[in-house]
$ cat data.cif   # mmCIF, C-alpha atoms
data_target
#
loop_
_atom_site.label_atom_id
_atom_site.label_comp_id
_atom_site.auth_asym_id
_atom_site.auth_seq_id
_atom_site.Cartn_x
_atom_site.Cartn_y
_atom_site.Cartn_z
CA MET A 1 -13.87 34.77 6.20
CA PRO A 2 -15.75 34.43 2.88
CA ALA A 3 -13.64 32.98 0.07
CA GLU A 4 -14.47 35.89 -2.25
CA VAL A 5 -12.84 38.48 -0.01
CA LYS A 6 -9.70 39.77 -1.69
CA ARG A 7 -6.57 39.71 0.48
CA THR A 8 -3.79 42.10 -0.47
CA LEU A 9 -0.56 42.33 1.51
CA ARG A 10 1.38 45.60 1.40
CA VAL A 11 5.09 44.93 1.92
CA ALA A 12 8.36 46.85 2.15
CA CYS A 13 12.01 45.76 2.37
CA VAL A 14 14.85 47.79 3.86
CA GLN A 15 17.96 46.90 1.85
CA LEU A 16 20.83 48.38 3.83
CA SER A 17 24.55 48.06 4.43
CA PRO A 18 24.96 47.27 8.14
CA VAL A 19 27.95 48.71 9.98
CA PHE A 20 29.76 45.60 11.18
CA LYS A 21 29.74 45.35 14.98
CA ASP A 22 28.07 48.74 15.35
CA VAL A 23 24.38 48.11 16.04
CA SER A 24 23.58 51.75 16.80
CA ALA A 25 25.06 52.99 13.54
CA SER A 26 23.20 50.31 11.58
CA ILE A 27 19.92 51.33 13.22
CA VAL A 28 20.56 54.95 12.25
CA ARG A 29 20.97 53.81 8.63
CA ALA A 30 17.68 51.90 8.72
CA ASP A 31 15.87 54.89 10.19
CA GLN A 32 17.33 57.21 7.56
CA LEU A 33 16.24 54.90 4.75
CA LEU A 34 12.71 54.64 6.14
CA ALA A 35 12.53 58.41 6.56
CA THR A 36 13.60 58.89 2.94
CA SER A 37 10.99 56.37 1.78
CA SER A 38 8.19 58.47 3.32
CA ILE A 39 6.29 55.37 4.45
CA SER A 40 3.64 56.54 6.91
CA LYS A 41 1.49 54.79 9.48
CA ASP A 42 -1.11 52.37 8.07
CA GLU A 43 0.50 52.22 4.60
CA ILE A 44 2.16 48.78 4.84
CA ASP A 45 1.39 45.46 6.54
CA LEU A 46 4.86 43.89 6.66
CA LEU A 47 8.34 45.41 6.85
CA VAL A 48 11.27 43.04 6.20
CA LEU A 49 14.96 43.58 6.96
CA PRO A 50 18.03 41.44 6.17
CA GLU A 51 19.70 38.61 8.06
CA MET A 52 21.57 39.91 11.14
CA ALA A 53 20.47 43.34 9.98
CA PHE A 54 22.14 45.51 12.62
CA SER A 55 25.09 43.47 13.92
CA GLY A 56 26.55 42.53 10.57
CA TYR A 57 27.22 38.96 9.55
CA CYS A 58 30.83 37.77 9.33
CA PHE A 59 31.59 36.66 12.89
CA ALA A 60 34.45 34.25 13.40
CA SER A 61 33.48 32.45 16.61
CA ARG A 62 31.18 32.34 19.64
CA ASP A 63 33.51 34.72 21.44
CA ASP A 64 33.44 37.11 18.48
CA VAL A 65 29.62 37.27 18.31
CA LEU A 66 28.92 37.06 22.05
CA GLU A 67 28.70 40.82 22.66
CA PHE A 68 26.12 41.16 19.87
CA THR A 69 23.79 38.28 20.74
CA GLU A 70 20.34 39.28 21.95
CA ASP A 71 17.48 37.73 23.88
CA PRO A 72 14.36 39.60 22.71
CA ARG A 73 12.38 38.10 25.58
CA MET A 74 14.50 40.45 27.69
CA PRO A 75 13.60 43.65 25.79
CA HIS A 76 16.06 45.92 27.59
CA GLN A 77 18.89 43.66 26.39
CA SER A 78 17.78 43.53 22.75
CA PRO A 79 18.36 46.68 20.67
CA THR A 80 16.96 44.93 17.58
CA PHE A 81 13.71 44.17 19.36
CA ALA A 82 13.55 47.69 20.82
CA TRP A 83 13.88 49.17 17.32
CA ALA A 84 11.43 46.72 15.75
CA SER A 85 8.87 47.36 18.51
CA VAL A 86 8.97 51.13 18.07
CA THR A 87 8.89 50.83 14.28
CA ALA A 88 6.02 48.33 14.27
CA ARG A 89 3.90 50.59 16.47
CA ARG A 90 4.82 53.70 14.49
CA LEU A 91 3.86 52.14 11.15
CA ASN A 92 1.15 49.76 12.46
CA CYS A 93 2.74 46.79 10.69
CA TYR A 94 4.63 43.58 11.35
CA VAL A 95 8.42 43.79 11.34
CA ALA A 96 10.57 40.80 10.35
CA VAL A 97 14.25 41.33 11.11
CA GLY A 98 17.30 39.08 11.44
CA PHE A 99 19.52 39.06 14.54
CA PRO A 100 21.99 36.85 16.45
CA GLN A 101 19.89 35.21 19.17
CA ARG A 102 21.05 34.10 22.61
CA VAL A 103 18.95 31.52 24.46
CA PRO A 104 20.10 31.41 28.11
CA ALA A 105 21.04 28.00 29.44
CA GLY A 106 19.12 26.55 32.34
CA PRO A 107 20.73 25.83 35.71
CA PRO A 108 23.23 22.94 35.69
CA SER A 109 22.37 19.60 37.19
CA HIS A 110 24.08 18.79 40.48
CA GLY A 111 27.75 18.15 39.84
CA ALA A 112 27.44 18.67 36.08
CA THR A 113 29.43 21.09 33.95
CA PRO A 114 27.43 24.33 33.59
CA PRO A 115 25.73 24.41 30.18
CA HIS A 116 26.48 27.30 27.83
CA ASP A 117 23.92 29.61 26.29
CA ALA A 118 22.70 28.54 22.87
CA PHE A 119 23.29 30.92 19.95
CA PHE A 120 21.11 30.98 16.83
CA ASN A 121 20.97 32.99 13.62
CA SER A 122 17.32 34.06 13.90
CA GLN A 123 14.52 36.19 12.52
CA MET A 124 12.06 37.85 14.91
CA ILE A 125 8.51 38.80 13.98
CA VAL A 126 7.20 41.79 15.93
CA SER A 127 3.48 42.57 15.85
CA PRO A 128 1.87 45.94 15.02
CA SER A 129 1.28 46.40 18.77
CA GLY A 130 5.05 46.23 19.31
CA THR A 131 5.04 42.84 21.02
CA LEU A 132 7.26 39.89 20.12
CA HIS A 133 5.10 37.52 18.08
CA SER A 134 7.55 34.75 17.20
CA ILE A 135 11.15 33.80 16.50
CA TYR A 136 12.39 31.57 13.71
CA GLN A 137 15.87 30.02 14.02
CA LYS A 138 17.81 29.38 10.80
CA HIS A 139 17.60 25.68 10.00
CA PHE A 140 20.31 25.25 7.34
CA LEU A 141 23.55 26.91 8.43
CA TYR A 142 26.11 28.43 6.08
CA THR A 143 29.80 27.82 6.85
CA THR A 144 30.10 31.27 8.47
CA ASP A 145 27.20 30.44 10.81
CA GLU A 146 28.75 27.14 11.83
CA SER A 147 31.56 28.95 13.64
CA TRP A 148 29.12 30.19 16.30
CA ALA A 149 25.48 29.19 15.76
CA GLU A 150 23.42 26.08 16.32
CA PRO A 151 20.92 24.99 13.65
CA GLY A 152 17.27 25.69 14.33
CA PRO A 153 15.04 22.64 14.80
CA ASP A 154 13.06 22.81 11.54
CA PHE A 155 11.31 24.99 9.01
CA THR A 156 8.04 26.43 10.23
CA THR A 157 4.98 28.49 9.34
CA ILE A 158 3.45 31.41 11.24
CA THR A 159 -0.13 32.65 10.90
CA LEU A 160 -0.66 36.38 11.42
CA SER A 161 -3.76 38.56 11.63
CA PHE A 162 -3.87 41.38 9.11
CA PRO A 163 -3.05 44.78 10.65
CA SER A 164 -6.10 46.90 11.40
CA SER A 165 -5.44 49.27 8.48
CA ASN A 166 -5.60 46.55 5.80
CA SER A 167 -8.64 46.79 3.52
CA VAL A 168 -9.51 43.14 4.12
CA HIS A 169 -11.24 44.16 7.34
CA ALA A 170 -13.62 46.47 5.50
CA LEU A 171 -14.25 43.90 2.76
CA ALA A 172 -14.94 40.98 5.10
CA ALA A 173 -18.49 40.33 6.22
CA SER A 174 -19.20 42.11 9.48
CA PRO A 175 -19.08 40.94 12.14
CA THR A 176 -16.50 38.18 11.54
CA PRO A 177 -16.00 35.42 14.11
CA ASP A 178 -12.26 35.35 13.44
CA PRO A 179 -9.90 38.10 12.21
CA PRO A 180 -8.64 37.72 8.62
CA THR A 181 -5.20 36.10 8.56
CA PHE A 182 -2.27 35.28 6.30
CA THR A 183 0.38 32.58 6.75
CA ILE A 184 4.10 33.10 6.25
CA ALA A 185 7.05 30.73 6.00
CA PRO A 186 10.15 32.48 7.40
CA CYS A 187 13.43 31.80 5.64
CA ILE A 188 17.00 32.89 6.32
CA CYS A 189 19.45 32.85 3.43
CA MET A 190 21.04 29.36 3.37
CA ASP A 191 17.62 27.84 4.06
CA LEU A 192 16.95 28.25 0.32
CA ASN A 193 20.01 26.22 -0.68
CA PRO A 194 20.53 22.45 -0.60
CA GLU A 195 21.50 21.45 2.94
CA LYS A 196 25.26 21.97 3.39
CA PHE A 197 25.44 22.13 -0.44
CA LEU A 198 25.54 18.32 -0.26
CA ALA A 199 21.87 17.43 -0.67
CA PRO A 200 20.56 16.86 -4.22
CA PHE A 201 19.64 20.16 -5.88
CA GLU A 202 16.26 18.69 -6.81
CA ALA A 203 15.38 17.93 -3.17
CA TYR A 204 14.18 21.55 -2.77
CA GLU A 205 13.94 21.03 0.99
CA PHE A 206 12.50 24.41 1.95
CA ALA A 207 10.16 24.68 -1.04
CA THR A 208 8.88 21.14 -0.48
CA PHE A 209 8.15 21.98 3.15
CA VAL A 210 6.19 25.05 2.07
CA GLN A 211 4.35 23.07 -0.61
CA ASN A 212 3.14 20.54 1.97
CA ALA A 213 2.40 23.00 4.78
CA ARG A 214 -1.13 23.46 6.10
CA PRO A 215 -2.62 25.99 6.27
CA ARG A 216 -1.39 27.05 2.85
CA VAL A 217 1.58 29.42 2.94
CA ASP A 218 0.70 32.82 1.50
CA VAL A 219 4.13 34.44 1.70
CA VAL A 220 7.73 33.27 2.01
CA VAL A 221 9.54 35.93 4.07
CA GLY A 222 13.30 35.83 3.55
CA SER A 223 15.93 37.74 5.52
CA MET A 224 19.21 37.39 3.64
CA ALA A 225 22.94 38.07 3.77
CA TRP A 226 23.43 36.62 0.30
CA LEU A 227 26.92 36.87 -1.13
CA ALA A 228 27.89 38.26 -4.51
CA ALA A 229 29.49 35.85 -6.93
CA GLU A 230 32.05 38.46 -7.97
CA PRO A 231 33.68 41.54 -6.41
CA PRO A 232 32.01 44.93 -7.02
CA GLU A 233 33.07 46.85 -10.10
CA GLU A 234 34.86 50.12 -9.55
CA GLY A 235 33.86 53.42 -11.11
CA ILE A 236 30.22 52.60 -11.93
CA SER A 237 28.20 55.80 -12.32
CA ALA A 238 24.68 56.17 -10.95
CA GLU A 239 23.35 56.29 -14.54
CA GLU A 240 25.16 53.09 -15.51
CA ASN A 241 23.99 51.41 -12.32
CA GLU A 242 20.35 52.18 -13.18
CA VAL A 243 20.70 50.97 -16.78
CA ASN A 244 22.31 47.72 -15.63
CA LYS A 245 19.98 47.22 -12.67
CA TRP A 246 18.00 44.19 -13.91
CA GLU A 247 21.01 42.73 -15.71
CA ASP A 248 22.94 42.91 -12.42
CA VAL A 249 20.30 41.27 -10.23
CA SER A 250 18.57 38.84 -12.60
CA GLU A 251 20.91 35.91 -11.95
CA THR A 252 20.36 36.10 -8.18
CA VAL A 253 16.61 36.67 -8.42
CA ASN A 254 16.23 33.82 -10.92
CA TYR A 255 18.23 31.51 -8.67
CA TRP A 256 15.95 32.25 -5.72
CA ALA A 257 12.92 31.52 -7.92
CA THR A 258 14.54 28.31 -9.15
CA ARG A 259 15.07 27.13 -5.58
CA LEU A 260 11.30 27.50 -5.12
CA ARG A 261 10.46 25.46 -8.23
CA PRO A 262 7.92 23.15 -6.48
CA LEU A 263 5.88 26.29 -5.70
CA LEU A 264 5.80 27.71 -9.23
CA GLY A 265 2.19 28.13 -10.29
CA SER A 266 0.98 28.29 -6.69
CA ARG A 267 -0.59 31.31 -5.02
CA THR A 268 2.45 31.81 -2.78
CA ALA A 269 4.32 35.12 -2.94
CA VAL A 270 7.96 35.66 -2.02
CA VAL A 271 9.46 38.65 -0.22
CA VAL A 272 13.25 38.56 -0.03
CA CYS A 273 15.24 41.29 1.73
CA ASN A 274 18.99 41.11 1.22
CA ARG A 275 21.76 43.44 2.35
CA ILE A 276 24.61 45.15 0.50
CA GLY A 277 28.12 46.17 1.49
CA THR A 278 31.37 44.40 2.29
CA GLU A 279 32.74 42.75 5.44
CA GLY A 280 36.32 41.58 5.14
CA GLU A 281 36.48 39.58 1.91
CA SER A 282 32.71 39.06 1.75
CA THR A 283 30.59 41.24 -0.54
CA PHE A 284 26.80 41.07 -0.42
CA THR A 285 24.66 41.25 -3.52
CA GLY A 286 21.48 43.21 -2.73
CA SER A 287 18.79 42.26 -5.27
CA SER A 288 15.94 42.33 -2.74
CA CYS A 289 12.72 41.43 -4.53
CA VAL A 290 9.06 40.51 -4.39
CA ILE A 291 7.88 37.67 -6.63
CA THR A 292 4.44 36.17 -7.23
CA LEU A 293 4.85 32.48 -8.06
CA GLU A 294 1.42 31.90 -9.60
CA ASP A 295 2.45 33.89 -12.68
CA VAL A 296 6.21 33.77 -11.90
CA ARG A 297 6.41 37.54 -12.03
CA VAL A 298 8.93 39.83 -10.34
CA ARG A 299 6.70 42.54 -8.88
CA ALA A 300 9.53 44.74 -7.62
CA TYR A 301 13.29 44.50 -7.17
CA ALA A 302 16.11 46.54 -5.71
CA SER A 303 19.57 47.18 -7.12
CA LYS A 304 22.67 45.14 -6.45
CA ARG A 305 24.75 47.90 -4.85
CA SER A 306 22.50 50.57 -3.31
CA GLU A 307 20.76 51.07 -0.02
CA GLU A 308 17.06 51.51 -0.70
CA VAL A 309 13.54 50.70 0.45
CA LEU A 310 11.53 48.44 -1.82
CA ARG A 311 7.76 48.70 -1.60
CA THR A 312 4.86 46.96 -3.36
CA ALA A 313 1.66 44.97 -2.77
CA VAL A 314 0.71 41.39 -3.65
CA ASP A 315 -2.64 39.66 -3.85
CA LEU A 316 -2.74 36.47 -1.81
#

$ encode --input "data.cif" --output "structure tokens"
Amino acid sequence: MPAEVKRTLRVACVQLSPVFKDVSASIVRADQLLATSSISKDEIDLLVLPEMAFSGYCFASRDDVLEFTEDPRMPHQSPTFAWASVTARRLNCYVAVGFPQRVPAGPPSHGATPPHDAFFNSQMIVSPSGTLHSIYQKHFLYTTDESWAEPGPDFTTITLSFPSSNSVHALAASPTPDPPTFTIAPCICMDLNPEKFLAPFEAYEFATFVQNARPRVDVVVGSMAWLAAEPPEEGISAEENEVNKWEDVSETVNYWATRLRPLLGSRTAVVVCNRIGTEGESTFTGSSCVITLEDVRVRAYASKRSEEVLRTAVDL
């Protein structure tokens, strides 16, 4: 593709409050938010949802999460994949969504103890045709994850062809030998932090990986269940919430940008979709955002406390 062709990625984030251990109810919430947003077919290229978007997050053990683990390679056993497939085809876009993944164990060796299925905190990427494109498994686990999940093998990049509705196809010289593409680096919550909170802050493990990746990473795609540093305030009116919106989210958004310091000034964009709500004693902080790192500019951001759909476009 000629270098002068402008590539613009149209993105949306569904910031929702999952119903813990009620996948069907969480899916209804996501559908209602998308319906309210009025996003139609061919209007976005990438739709991002939070970490463990439909199951909820705060599982205590393998036994606790077992019922909610999914194997998207067995579509009839994966409600998250089923939803993402329908949504991707309906909107003609990629869908990135977090879920608890089950990888079935192989048959045991003769006389050996049967192996158990492996569980991962994962993000699936579903293509505009509704097929499973790829799965990323969270590499750095948070303490909550460690009670049931195994760490993924490493950070990774994924190269995707632009959906057919993107203007890059009309702008590219015709015919093109290869379809126009963009490269993402998937990220799930704790992946942005120092490993186990023990590694030096300045190691910037994920950002350094992205900085050195080839082909160049165009977009960091983060599915989050990021915790609030303080409990929610009571009695905040809608008007006060709107006035305080940036003040409420700026600390979290700035921290995410800080953790990507090696990429500041680069042409990489960041799409972070967090959740809201409370599970047990854990409160989640919203603040979903889209940032361009070349000019270190927040292109769009969501509130700290509300369910909403964030939508914007970034030049790559």

$ residues_around --input "data.cif" --residues "Cys187 of chain A" --least-positions-apart "5" --cutoff "8 Å" --atoms "all atoms listed in the file" --output "list of chain:residue names"
A:Lys138, A:Phe155, A:Leu192, A:Val220, A:Val221, A:Gly222, A:Ser223

$ closest_residue --input "data.cif" --among "A:Pro179, A:Pro128, A:Gly56, A:Pro194" --to "Thr144 of chain A" --atoms "all atoms listed in the file"
A:Gly56

$ closest_residue --input "data.cif" --among "A:Ile188, A:Leu316, A:Ala170, A:Val97" --to "Ala82 of chain A" --atoms "all atoms listed in the file"
A:Val97

$ atom_distance --input "data.cif" --atom1 "atom CA of Ser26 of chain A" --atom2 "atom CA of Cys189 of chain A"
19.6 Å

$ residues_around --input "data.cif" --residues "Ala225 of chain A" --least-positions-apart "2" --cutoff "7 Å" --atoms "all atoms listed in the file" --output "JSON, numbers by chain"
{"A": [50, 51, 189, 227, 274, 275, 284]}

$ closest_residue --input "data.cif" --among "A:Ala229, A:Val210, A:Leu91, A:Ile276" --to "Ala12 of chain A" --atoms "only C-alpha atoms"
A:Leu91

$ resolve_selection --input "data.cif" --expression "the PyMOL selection byres ((chain A and resi 125) around 7)" --output "list in words"
Tyr94, Val95, Ala96, Val97, Gln123, Met124, Val126, Ser127, Leu132, His133, Ser134 and Ile135 of chain A

$ atom_distance --input "data.cif" --atom1 "atom CA of Glu281 of chain A" --atom2 "atom CA of Ala228 of chain A"
10.8 Å

$ closest_residue --input "data.cif" --among "A:Thr183, A:Ser288, A:Ser61, A:Gln137" --to "Thr159 of chain A" --atoms "all atoms listed in the file"
A:Thr183

$ closest_residue --input "data.cif" --among "A:Ser167, A:Ser24, A:Asn121, A:Thr278" --to "Asp71 of chain A" --atoms "only C-alpha atoms"
A:Asn121

$ closest_residue --input "data.cif" --among "A:Leu160, A:Val314, A:Arg102, A:Glu70" --to "Thr8 of chain A" --atoms "all atoms listed in the file"
A:Val314

$ resolve_selection --input "data.cif" --expression "the PyMOL selection byres ((chain A and resi 310) around 6)" --output "PyMOL selection string"
chain A and resi 12-13+309+311

$ write_last_selection --input "data.cif" --atoms "C-alpha atoms" --output "mmCIF file, in the coordinates of the input"
data_model
loop_
_atom_site.group_PDB
_atom_site.id
_atom_site.type_symbol
_atom_site.label_atom_id
_atom_site.label_comp_id
_atom_site.auth_asym_id
_atom_site.auth_seq_id
_atom_site.Cartn_x
_atom_site.Cartn_y
_atom_site.Cartn_z
ATOM 1 C CA ALA A 12 8.360 46.850 2.150
ATOM 2 C CA CYS A 13 12.010 45.760 2.370
ATOM 3 C CA VAL A 309 13.540 50.700 0.450
ATOM 4 C CA ARG A 311 7.760 48.700 -1.600
#

$ resolve_selection --input "data.cif" --expression "the PyMOL selection byres ((chain A and resi 296) around 12)" --output "PyMOL selection string"
chain A and resi 253-254+256-258+260-261+263-270+290-295+297-299

$ write_last_selection --input "data.cif" --atoms "C-alpha atoms" --output "CSV table (one decimal), in the coordinates of the input"
chain,number,residue,atom,x,y,z
A,253,VAL,CA,16.6,36.7,-8.4
A,254,ASN,CA,16.2,33.8,-10.9
A,256,TRP,CA,16.0,32.2,-5.7
A,257,ALA,CA,12.9,31.5,-7.9
A,258,THR,CA,14.5,28.3,-9.2
A,260,LEU,CA,11.3,27.5,-5.1
A,261,ARG,CA,10.5,25.5,-8.2
A,263,LEU,CA,5.9,26.3,-5.7
A,264,LEU,CA,5.8,27.7,-9.2
A,265,GLY,CA,2.2,28.1,-10.3
A,266,SER,CA,1.0,28.3,-6.7
A,267,ARG,CA,-0.6,31.3,-5.0
A,268,THR,CA,2.4,31.8,-2.8
A,269,ALA,CA,4.3,35.1,-2.9
A,270,VAL,CA,8.0,35.7,-2.0
A,290,VAL,CA,9.1,40.5,-4.4
A,291,ILE,CA,7.9,37.7,-6.6
A,292,THR,CA,4.4,36.2,-7.2
A,293,LEU,CA,4.8,32.5,-8.1
A,294,GLU,CA,1.4,31.9,-9.6
A,295,ASP,CA,2.4,33.9,-12.7
A,297,ARG,CA,6.4,37.5,-12.0
A,298,VAL,CA,8.9,39.8,-10.3
A,299,ARG,CA,6.7,42.5,-8.9

$ build_atoms --input "data.cif" --residues "segment 254-274 of chain A" --atoms "N, CA, C and O atoms" --output "CSV table (one decimal), in the coordinates of the input"
chain,number,residue,atom,x,y,z
A,254,ASN,N,16.6,35.1,-10.2
A,254,ASN,CA,16.2,33.8,-10.9
A,254,ASN,C,16.6,32.6,-10.1
A,254,ASN,O,15.9,31.6,-10.1
A,255,TYR,N,17.8,32.7,-9.5
A,255,TYR,CA,18.2,31.5,-8.7
A,255,TYR,C,17.3,31.3,-7.5
A,255,TYR,O,16.9,30.2,-7.2
A,256,TRP,N,16.9,32.4,-6.8
A,256,TRP,CA,16.0,32.2,-5.7
A,256,TRP,C,14.6,31.6,-6.2
A,256,TRP,O,14.1,30.7,-5.6
A,257,ALA,N,14.2,32.1,-7.4
A,257,ALA,CA,12.9,31.5,-7.9
A,257,ALA,C,13.1,30.0,-8.3
A,257,ALA,O,12.2,29.2,-8.0
A,258,THR,N,14.3,29.7,-8.8
A,258,THR,CA,14.5,28.3,-9.2
A,258,THR,C,14.5,27.4,-7.9
A,258,THR,O,14.0,26.3,-8.0
A,259,ARG,N,15.1,27.9,-6.8
A,259,ARG,CA,15.1,27.1,-5.6
A,259,ARG,C,13.7,26.9,-5.0
A,259,ARG,O,13.5,26.1,-4.1
A,260,LEU,N,12.7,27.7,-5.5
A,260,LEU,CA,11.3,27.5,-5.1
A,260,LEU,C,10.5,26.8,-6.2
A,260,LEU,O,9.2,26.9,-6.2
A,261,ARG,N,11.1,26.1,-7.1
A,261,ARG,CA,10.5,25.5,-8.2
A,261,ARG,C,9.2,24.7,-7.9
A,261,ARG,O,8.2,24.8,-8.6
A,262,PRO,N,9.2,23.9,-6.8
A,262,PRO,CA,7.9,23.2,-6.5
A,262,PRO,C,6.7,24.1,-6.2
A,262,PRO,O,5.6,23.6,-6.3
A,263,LEU,N,7.0,25.4,-6.0
A,263,LEU,CA,5.9,26.3,-5.7
A,263,LEU,C,5.4,27.1,-6.9
A,263,LEU,O,4.5,27.8,-6.8
A,264,LEU,N,6.2,26.9,-8.0
A,264,LEU,CA,5.8,27.7,-9.2
A,264,LEU,C,4.4,27.3,-9.7
A,264,LEU,O,4.0,26.2,-9.7
A,265,GLY,N,3.6,28.3,-9.9
A,265,GLY,CA,2.2,28.1,-10.3
A,265,GLY,C,1.2,28.2,-9.1
A,265,GLY,O,0.0,28.2,-9.3
A,266,SER,N,1.8,28.2,-7.9
A,266,SER,CA,1.0,28.3,-6.7
A,266,SER,C,0.7,29.7,-6.4
A,266,SER,O,1.2,30.7,-7.0
A,267,ARG,N,-0.2,29.9,-5.4
A,267,ARG,CA,-0.6,31.3,-5.0
A,267,ARG,C,0.3,31.9,-4.0
A,267,ARG,O,0.0,32.9,-3.3
A,268,THR,N,1.5,31.3,-3.8
A,268,THR,CA,2.4,31.8,-2.8
A,268,THR,C,3.3,33.0,-3.4
A,268,THR,O,3.7,32.9,-4.5
A,269,ALA,N,3.4,34.0,-2.6
A,269,ALA,CA,4.3,35.1,-2.9
A,269,ALA,C,5.6,35.0,-2.2
A,269,ALA,O,5.7,34.3,-1.1
A,270,VAL,N,6.6,35.7,-2.6
A,270,VAL,CA,8.0,35.7,-2.0
A,270,VAL,C,8.4,37.1,-1.8
A,270,VAL,O,8.5,37.9,-2.7
A,271,VAL,N,8.9,37.4,-0.6
A,271,VAL,CA,9.5,38.6,-0.2
A,271,VAL,C,10.9,38.4,0.3
A,271,VAL,O,11.0,37.7,1.4
A,272,VAL,N,11.9,38.8,-0.4
A,272,VAL,CA,13.2,38.6,0.0
A,272,VAL,C,13.9,39.9,0.2
A,272,VAL,O,14.0,40.7,-0.7
A,273,CYS,N,14.5,40.1,1.4
A,273,CYS,CA,15.2,41.3,1.7
A,273,CYS,C,16.7,40.9,2.0
A,273,CYS,O,17.0,40.3,3.0
A,274,ASN,N,17.6,41.4,1.1
A,274,ASN,CA,19.0,41.1,1.2
A,274,ASN,C,19.7,42.4,1.6
A,274,ASN,O,19.1,43.5,1.7
